[in-house]
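Okay, so here's the structure we're looking at.
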Amino acid sequence: MREGEKSGVLLCNALLIDGLGGAPEPDGAVLLDGERVAWAGSLAAAPPAARDARRVDLGGRTLCPGFIDAHVHFALPGRAGTPLSGVNELPSYRVLKVLDRLRVTLENGVTTARDLMGLDAGFRRALEERRIVGPRLRVAVSMLSQRAGHADFTLASGVDGYAAAVAMPLSPGGLVNTVDEVRLRVRELVAAGADCVKVASSGGVTSPHDQPDWLGMRPEMLRAVREEADAYGGLPVAAHAIGRPGIEAAVRSGVTSVEHGYALDDELRAEMVDRGQFLVPTLLETLTDVDTPGVPPAVREKSAHWHRVAQESVAASAAAGVLIAMGTDSGLTASHGGNLKELGLLVRFAGLTPLEAITAGTATAARLCGVDGVTGTLEAGKAADLVVIGTNPLSDIDSLGDPRSIHAVLKEGRIAIDRAGVLSGSGLPGLQDLTS
């Protein structure tokens with residue numbers, strides 16, 4: 001450092017929400033040292049190093065950790081198409097569309113995401129090397145179920161709709177029909193670089209051969225998944241589970257998280273609390289317009305019923321003390337980039353306070369995704385993943401779902417977007433500045 005040159009960057013004059021769940025700091029500041037947070041707290045308590053930092057006045061805006069979406073599908077188009085729209089597309093073209101979805105998601109405040117079917121580990125590596133722009137990524141690669149289960153998108157013509165429209169080249173398939181096949185497929189996923197294992201313990205709304213209240217992957221198969229995942233370093237297991245039989249099988253097999261969990265009852269909620277299992281309610285998906293053109297009649301019927309069940313049950317899960325992490329199912333029908341609308345829905349339907357909803361989308365989601373040692377809170381040593389918000393989300397949580405409210409996003413101390421120009425002159429590098 002040359003004489004007189006500032007060391008680090010101090011973001012100050014902000015309402016600081018650190019993700020730890022405590023009261024916000026009205027005169028908050030965060031000291032950045034390269035890719036890391038060096039300190040966060042009240043400006044009055046800033047360490048001596050802050051005196052030598054370049055100051056950036058945020059003008060009273062809100063400063064939060066980068067948000068974490070624990071359930072996305074970047075290989076799917078959301079409202080821009082249908083899950084089968086990729087059947088007539090070359091894999092290379094689908095990859096290019098994925099890159100745009102990753103960028104839009106990051107620019108709207110999500111700095112870490114867990115893709116639960118569709119992307120392979122190559123995307124994660126490219127993001128780590130900053131060859132492409134997007135959130136820090138965790139991948140399941142594919143979803144496992146039995147034939148005629150939620151991972152079976154075989155069309156009447158015999159074409160495998162999942163392989164043709166969603167999966168990246170060389171991704172392991174999702175259909176398993178015996179315990180031995182389950183064990184082999186989990187091992188193949190480990191070899192493919194999966195960060196977690198996604199299973200379908202119930203039927204689904206969009207799958208063509210089953211119903212959400214049918215049992216999906218059988219209990220003995222789920223137990224085999226859990227055993228294999230534990231043998232490979234304790235990989236998290238995420239279970240798509242909508243109806244009660246599938247939720248019961250998932251919970252009692254020891255999965256890490258129940259995705260959706262619409263038909264949870266008090267007995268299973270108590271078990272989830274005892275086991276420390278997470279619920280990812282994916283409420284944004286329940287706002288699907290069932291009259292959207294192209295939605296098959298059978299899917300419309302299932303959506304109308306199960307989405308109502310979801311909205312009516314999630315408050316009881318929150319009240320029971322079930323750990324709730326933010327996840328949106330973006331890509332299925334919800335558009336990419338609108339992920340933070342989920343936070344307002346956690347307040348509206350689950351009865352969380354705005355601060356609790358923000359914690360669900362930061363610290364709690366980080367724990368579920370296994371990145372809590374890296375991100376999810378603004379603490380010394382954590383990655384400098386931050387969102388600068390032009391509103392006070394504690395009084396207007398729905399504002400987070402409007403991209404115009406997301407004034408700037410930092411990932412690992414690099415500017416992903418600066419809509420309001422609040423970071424101009426900060427000296428912080430851009431996200432694709434590979435020379436810094």
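For the structure tokens, the naming scheme is as follows: chains receive sequential letters (A, B, ...) according to their order of presentation, residues are indexed from 1 within each chain, and ligands are indexed from 1 in presentation order.
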
Please identify every residue of segment 205-264 of chain A that has at least one atom no farther than 12 Å from an atom of segment 354-367 of chain A, counting only C-alpha atoms, and for each give the shortest atom pair and the distance in Å to one decimal, arranged by chain then increasing number, as a tab-separated table.
```
residue	atom	partner	partner_atom	distance
A:Pro236	CA	A:Arg367	CA	10.7
A:Thr256	CA	A:Arg367	CA	10.7
A:Ser257	CA	A:Ala365	CA	10.7
```

Exercise: Pro393 of chain A partners within 10 Å, only C-alpha atoms, chain neighbours under 4 positions left out, as a list in words: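 Here the answer would be Ile17, Thr62, Cys64, Leu343, Gly344, Pro354, Leu355, Ile358, Ile389, Ile397, Asp398, Ser399, Leu400 and Ser405 of chain A.
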
Can you spit out the residues from that selection as a CSV table (one decimal), in the first residue's frame, using N, CA and C atoms?
```csv
chain,number,residue,atom,x,y,z
A,17,ILE,N,-28.6,-4.8,9.7
A,17,ILE,CA,-29.2,-6.1,10.1
A,17,ILE,C,-28.2,-7.1,9.8
A,62,THR,N,-30.5,0.5,4.3
A,62,THR,CA,-30.4,-0.7,5.1
A,62,THR,C,-29.3,-1.6,4.6
A,64,CYS,N,-27.8,-5.5,4.8
A,64,CYS,CA,-28.1,-6.9,5.2
A,64,CYS,C,-27.0,-7.8,4.7
A,343,LEU,N,-39.8,-13.7,1.3
A,343,LEU,CA,-39.7,-13.1,2.7
A,343,LEU,C,-41.0,-12.5,3.1
A,344,GLY,N,-41.6,-11.8,2.2
A,344,GLY,CA,-42.9,-11.2,2.5
A,344,GLY,C,-44.0,-12.3,2.7
A,354,PRO,N,-40.9,-9.6,10.3
A,354,PRO,CA,-39.9,-9.3,9.2
A,354,PRO,C,-38.5,-9.7,9.6
A,355,LEU,N,-38.1,-9.4,10.8
A,355,LEU,CA,-36.7,-9.8,11.2
A,355,LEU,C,-36.5,-11.3,11.2
A,358,ILE,N,-36.1,-12.4,7.6
A,358,ILE,CA,-34.8,-12.1,7.1
A,358,ILE,C,-33.8,-13.1,7.6
A,389,ILE,N,-30.1,-1.9,0.7
A,389,ILE,CA,-31.5,-1.8,0.4
A,389,ILE,C,-32.0,-0.4,0.6
A,397,ILE,N,-41.5,-5.3,4.4
A,397,ILE,CA,-40.8,-6.5,4.0
A,397,ILE,C,-41.0,-6.8,2.6
A,398,ASP,N,-42.2,-6.5,2.0
A,398,ASP,CA,-42.5,-6.8,0.6
A,398,ASP,C,-41.6,-6.0,-0.3
A,399,SER,N,-41.0,-4.9,0.1
A,399,SER,CA,-40.2,-4.1,-0.7
A,399,SER,C,-38.9,-4.9,-1.2
A,400,LEU,N,-38.5,-5.9,-0.5
A,400,LEU,CA,-37.4,-6.7,-0.9
A,400,LEU,C,-37.6,-7.4,-2.2
A,405,SER,N,-35.7,-1.8,-5.1
A,405,SER,CA,-35.3,-1.5,-3.7
A,405,SER,C,-33.9,-2.1,-3.4
```

Neighbour list for Asp213 of chain A as number ranges by chain, cut-off 9 Å, only C-alpha atoms, skip fewer than 6 positions in-chain: A: 202-204, 241-246, 263

Surrounding residues of Val104 of chain A excluding itself and chain neighbours under 5 positions, 8 Å, only C-alpha atoms, as a VMD selection string: chain A and resid 134 336 to 337

Those in segment 8-200 of chain A with helix (DSSP H, G or I) from DSSP, as number ranges by chain: A: 43-45, 48-52, 78-80, 85-88, 91-107, 121-128, 161-165, 179-191

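The closest residue to Leu102 of chain A, picked from A:Ala80, A:Met217, A:Ala75, A:Leu116 and counting only C-alpha atoms, is A:Ala75.
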
Polymer residues at most 6 Å from Ala53 of chain A, only C-alpha atoms, same-chain spacing of 3 or more positions, as a PyMOL selection string: chain A and resi 6-10+50

Residue among A:Asp396, A:Arg55, A:Leu323, A:Ala229 lying closest to Arg348 of chain A, counting only C-alpha atoms: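 Of all the options, A:Asp396 lies closest to Arg348 of chain A.
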
Contacts of Gly254 of chain A within 8 Å, only C-alpha atoms, excl. fewer than 6 positions in-chain, as a ChimeraX atom specification: /A:223,226,275

Selection above as a file: C-alpha atoms, as a compact mmCIF listing (two decimals), in the first residue's frame:
```
# COMPACT_ATOMS: atom_id res chain seq x y z
CA ARG A 223 -32.92 -44.99 4.81
CA ARG A 226 -29.37 -41.40 4.48
CA ARG A 275 -34.55 -33.93 15.20
```

Near-Asp329 of chain A list (12 Å; only C-alpha atoms; drop same-chain fewer than 3 positions) as an MDAnalysis selection string: chainID A and resid 69:78 113:117 240 259:260 280:288 326 332:342

Save the residues we just selected, N, CA, C and O atoms, as a short mmCIF file (atom, residue, chain, number, x, y, z; two decimals), in the first residue's frame?
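The file below, out_16.cif, is the result:
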```cif
data_model
loop_
_atom_site.label_atom_id
_atom_site.label_comp_id
_atom_site.auth_asym_id
_atom_site.auth_seq_id
_atom_site.Cartn_x
_atom_site.Cartn_y
_atom_site.Cartn_z
N ASP A 69 -31.06 -18.58 -1.07
CA ASP A 69 -32.23 -19.32 -1.52
C ASP A 69 -31.87 -20.80 -1.51
O ASP A 69 -31.04 -21.26 -2.29
N ALA A 70 -32.50 -21.55 -0.61
CA ALA A 70 -32.15 -22.95 -0.41
C ALA A 70 -32.86 -23.91 -1.36
O ALA A 70 -32.65 -25.12 -1.27
N HIS A 71 -33.67 -23.37 -2.29
CA HIS A 71 -34.39 -24.27 -3.21
C HIS A 71 -34.68 -23.54 -4.51
O HIS A 71 -35.67 -22.83 -4.64
N VAL A 72 -33.79 -23.71 -5.47
CA VAL A 72 -33.98 -23.12 -6.80
C VAL A 72 -33.73 -24.17 -7.87
O VAL A 72 -33.16 -25.23 -7.61
N HIS A 73 -34.17 -23.84 -9.09
CA HIS A 73 -33.93 -24.69 -10.26
C HIS A 73 -33.52 -23.79 -11.42
O HIS A 73 -34.35 -23.33 -12.20
N PHE A 74 -32.23 -23.57 -11.54
CA PHE A 74 -31.75 -22.65 -12.58
C PHE A 74 -31.89 -23.24 -13.97
O PHE A 74 -31.87 -22.49 -14.96
N ALA A 75 -32.05 -24.54 -14.09
CA ALA A 75 -32.21 -25.16 -15.40
C ALA A 75 -33.63 -25.01 -15.94
O ALA A 75 -33.88 -25.31 -17.11
N LEU A 76 -34.55 -24.54 -15.10
CA LEU A 76 -35.94 -24.37 -15.49
C LEU A 76 -36.25 -22.90 -15.74
O LEU A 76 -35.64 -22.02 -15.14
N PRO A 77 -37.23 -22.61 -16.62
CA PRO A 77 -37.41 -21.24 -17.11
C PRO A 77 -38.33 -20.35 -16.30
O PRO A 77 -38.43 -19.16 -16.59
N GLY A 78 -39.06 -20.89 -15.30
CA GLY A 78 -40.03 -20.05 -14.61
C GLY A 78 -41.15 -19.63 -15.54
O GLY A 78 -41.58 -20.40 -16.40
N ALA A 113 -27.08 -19.79 -3.46
CA ALA A 113 -28.28 -20.54 -3.83
C ALA A 113 -27.97 -22.02 -3.86
O ALA A 113 -26.84 -22.43 -4.17
N ARG A 114 -29.00 -22.81 -3.55
CA ARG A 114 -28.87 -24.27 -3.61
C ARG A 114 -29.77 -24.77 -4.73
O ARG A 114 -30.99 -24.67 -4.63
N ASP A 115 -29.17 -25.28 -5.79
CA ASP A 115 -29.94 -25.80 -6.93
C ASP A 115 -30.27 -27.27 -6.66
O ASP A 115 -29.37 -28.11 -6.56
N LEU A 116 -31.56 -27.56 -6.58
CA LEU A 116 -31.97 -28.91 -6.15
C LEU A 116 -32.41 -29.81 -7.28
O LEU A 116 -33.12 -30.78 -7.06
N MET A 117 -31.95 -29.53 -8.47
CA MET A 117 -32.14 -30.43 -9.62
C MET A 117 -31.85 -29.66 -10.88
O MET A 117 -32.49 -28.66 -11.14
N HIS A 240 -38.16 -33.68 -1.21
CA HIS A 240 -39.42 -33.17 -1.73
C HIS A 240 -40.53 -33.98 -1.08
O HIS A 240 -40.60 -35.20 -1.25
N GLU A 259 -38.70 -30.28 1.97
CA GLU A 259 -38.99 -29.24 1.00
C GLU A 259 -40.49 -29.26 0.71
O GLU A 259 -41.05 -30.28 0.35
N HIS A 260 -41.13 -28.15 0.92
CA HIS A 260 -42.58 -27.94 0.77
C HIS A 260 -43.30 -28.27 2.08
O HIS A 260 -43.75 -27.38 2.77
N VAL A 280 -38.44 -26.03 4.33
CA VAL A 280 -38.32 -25.01 3.28
C VAL A 280 -39.69 -24.91 2.61
O VAL A 280 -40.03 -25.73 1.76
N PRO A 281 -40.52 -23.93 2.99
CA PRO A 281 -41.93 -23.94 2.60
C PRO A 281 -42.21 -23.62 1.14
O PRO A 281 -43.30 -23.91 0.65
N THR A 282 -41.29 -22.96 0.43
CA THR A 282 -41.47 -22.60 -0.99
C THR A 282 -42.83 -21.95 -1.26
O THR A 282 -43.56 -22.35 -2.15
N LEU A 283 -43.14 -20.92 -0.48
CA LEU A 283 -44.45 -20.28 -0.61
C LEU A 283 -44.61 -19.54 -1.92
O LEU A 283 -45.72 -19.39 -2.44
N LEU A 284 -43.52 -19.04 -2.49
CA LEU A 284 -43.62 -18.33 -3.75
C LEU A 284 -44.22 -19.21 -4.83
O LEU A 284 -45.00 -18.75 -5.69
N GLU A 285 -43.89 -20.49 -4.78
CA GLU A 285 -44.44 -21.43 -5.75
C GLU A 285 -45.96 -21.57 -5.60
O GLU A 285 -46.66 -21.85 -6.57
N THR A 286 -46.47 -21.36 -4.40
CA THR A 286 -47.91 -21.53 -4.18
C THR A 286 -48.73 -20.38 -4.74
O THR A 286 -49.96 -20.44 -4.73
N LEU A 287 -48.09 -19.34 -5.22
CA LEU A 287 -48.81 -18.22 -5.83
C LEU A 287 -49.00 -18.42 -7.32
O LEU A 287 -49.46 -17.51 -8.02
N THR A 288 -48.65 -19.59 -7.83
CA THR A 288 -48.79 -19.89 -9.24
C THR A 288 -50.21 -19.63 -9.71
O THR A 288 -51.18 -20.05 -9.08
N MET A 326 -35.42 -20.05 3.98
CA MET A 326 -36.00 -19.51 2.76
C MET A 326 -35.65 -20.38 1.56
O MET A 326 -34.50 -20.76 1.35
N LEU A 332 -39.46 -23.30 -11.51
CA LEU A 332 -40.57 -24.19 -11.83
C LEU A 332 -41.71 -23.39 -12.45
O LEU A 332 -42.06 -23.59 -13.61
N THR A 333 -42.28 -22.48 -11.70
CA THR A 333 -43.23 -21.53 -12.28
C THR A 333 -42.89 -20.10 -11.88
O THR A 333 -43.22 -19.16 -12.59
N ALA A 334 -42.23 -19.92 -10.73
CA ALA A 334 -41.82 -18.59 -10.30
C ALA A 334 -40.62 -18.13 -11.13
O ALA A 334 -39.72 -18.92 -11.42
N SER A 335 -40.61 -16.85 -11.47
CA SER A 335 -39.53 -16.31 -12.29
C SER A 335 -38.25 -16.16 -11.48
O SER A 335 -38.27 -15.86 -10.29
N HIS A 336 -37.13 -16.33 -12.15
CA HIS A 336 -35.83 -16.09 -11.53
C HIS A 336 -35.65 -14.59 -11.28
O HIS A 336 -36.02 -13.76 -12.10
N GLY A 337 -35.08 -14.27 -10.13
CA GLY A 337 -34.83 -12.89 -9.78
C GLY A 337 -35.85 -12.30 -8.83
O GLY A 337 -35.59 -11.29 -8.20
N GLY A 338 -36.98 -12.96 -8.69
CA GLY A 338 -37.99 -12.50 -7.74
C GLY A 338 -37.94 -13.23 -6.42
O GLY A 338 -38.91 -13.23 -5.65
N ASN A 339 -36.80 -13.84 -6.11
CA ASN A 339 -36.67 -14.74 -4.97
C ASN A 339 -37.05 -14.09 -3.64
O ASN A 339 -37.64 -14.74 -2.77
N LEU A 340 -36.71 -12.82 -3.46
CA LEU A 340 -36.92 -12.19 -2.15
C LEU A 340 -38.39 -11.88 -1.87
O LEU A 340 -38.72 -11.47 -0.75
N LYS A 341 -39.27 -12.11 -2.82
CA LYS A 341 -40.70 -12.04 -2.53
C LYS A 341 -41.10 -13.08 -1.49
O LYS A 341 -42.09 -12.91 -0.77
N GLU A 342 -40.31 -14.14 -1.40
CA GLU A 342 -40.58 -15.20 -0.41
C GLU A 342 -40.59 -14.66 1.00
O GLU A 342 -41.35 -15.14 1.86
#
```

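We find atom CA of Arg419 of chain A and atom CA of Leu15 of chain A to be spaced 18.6 Å apart.
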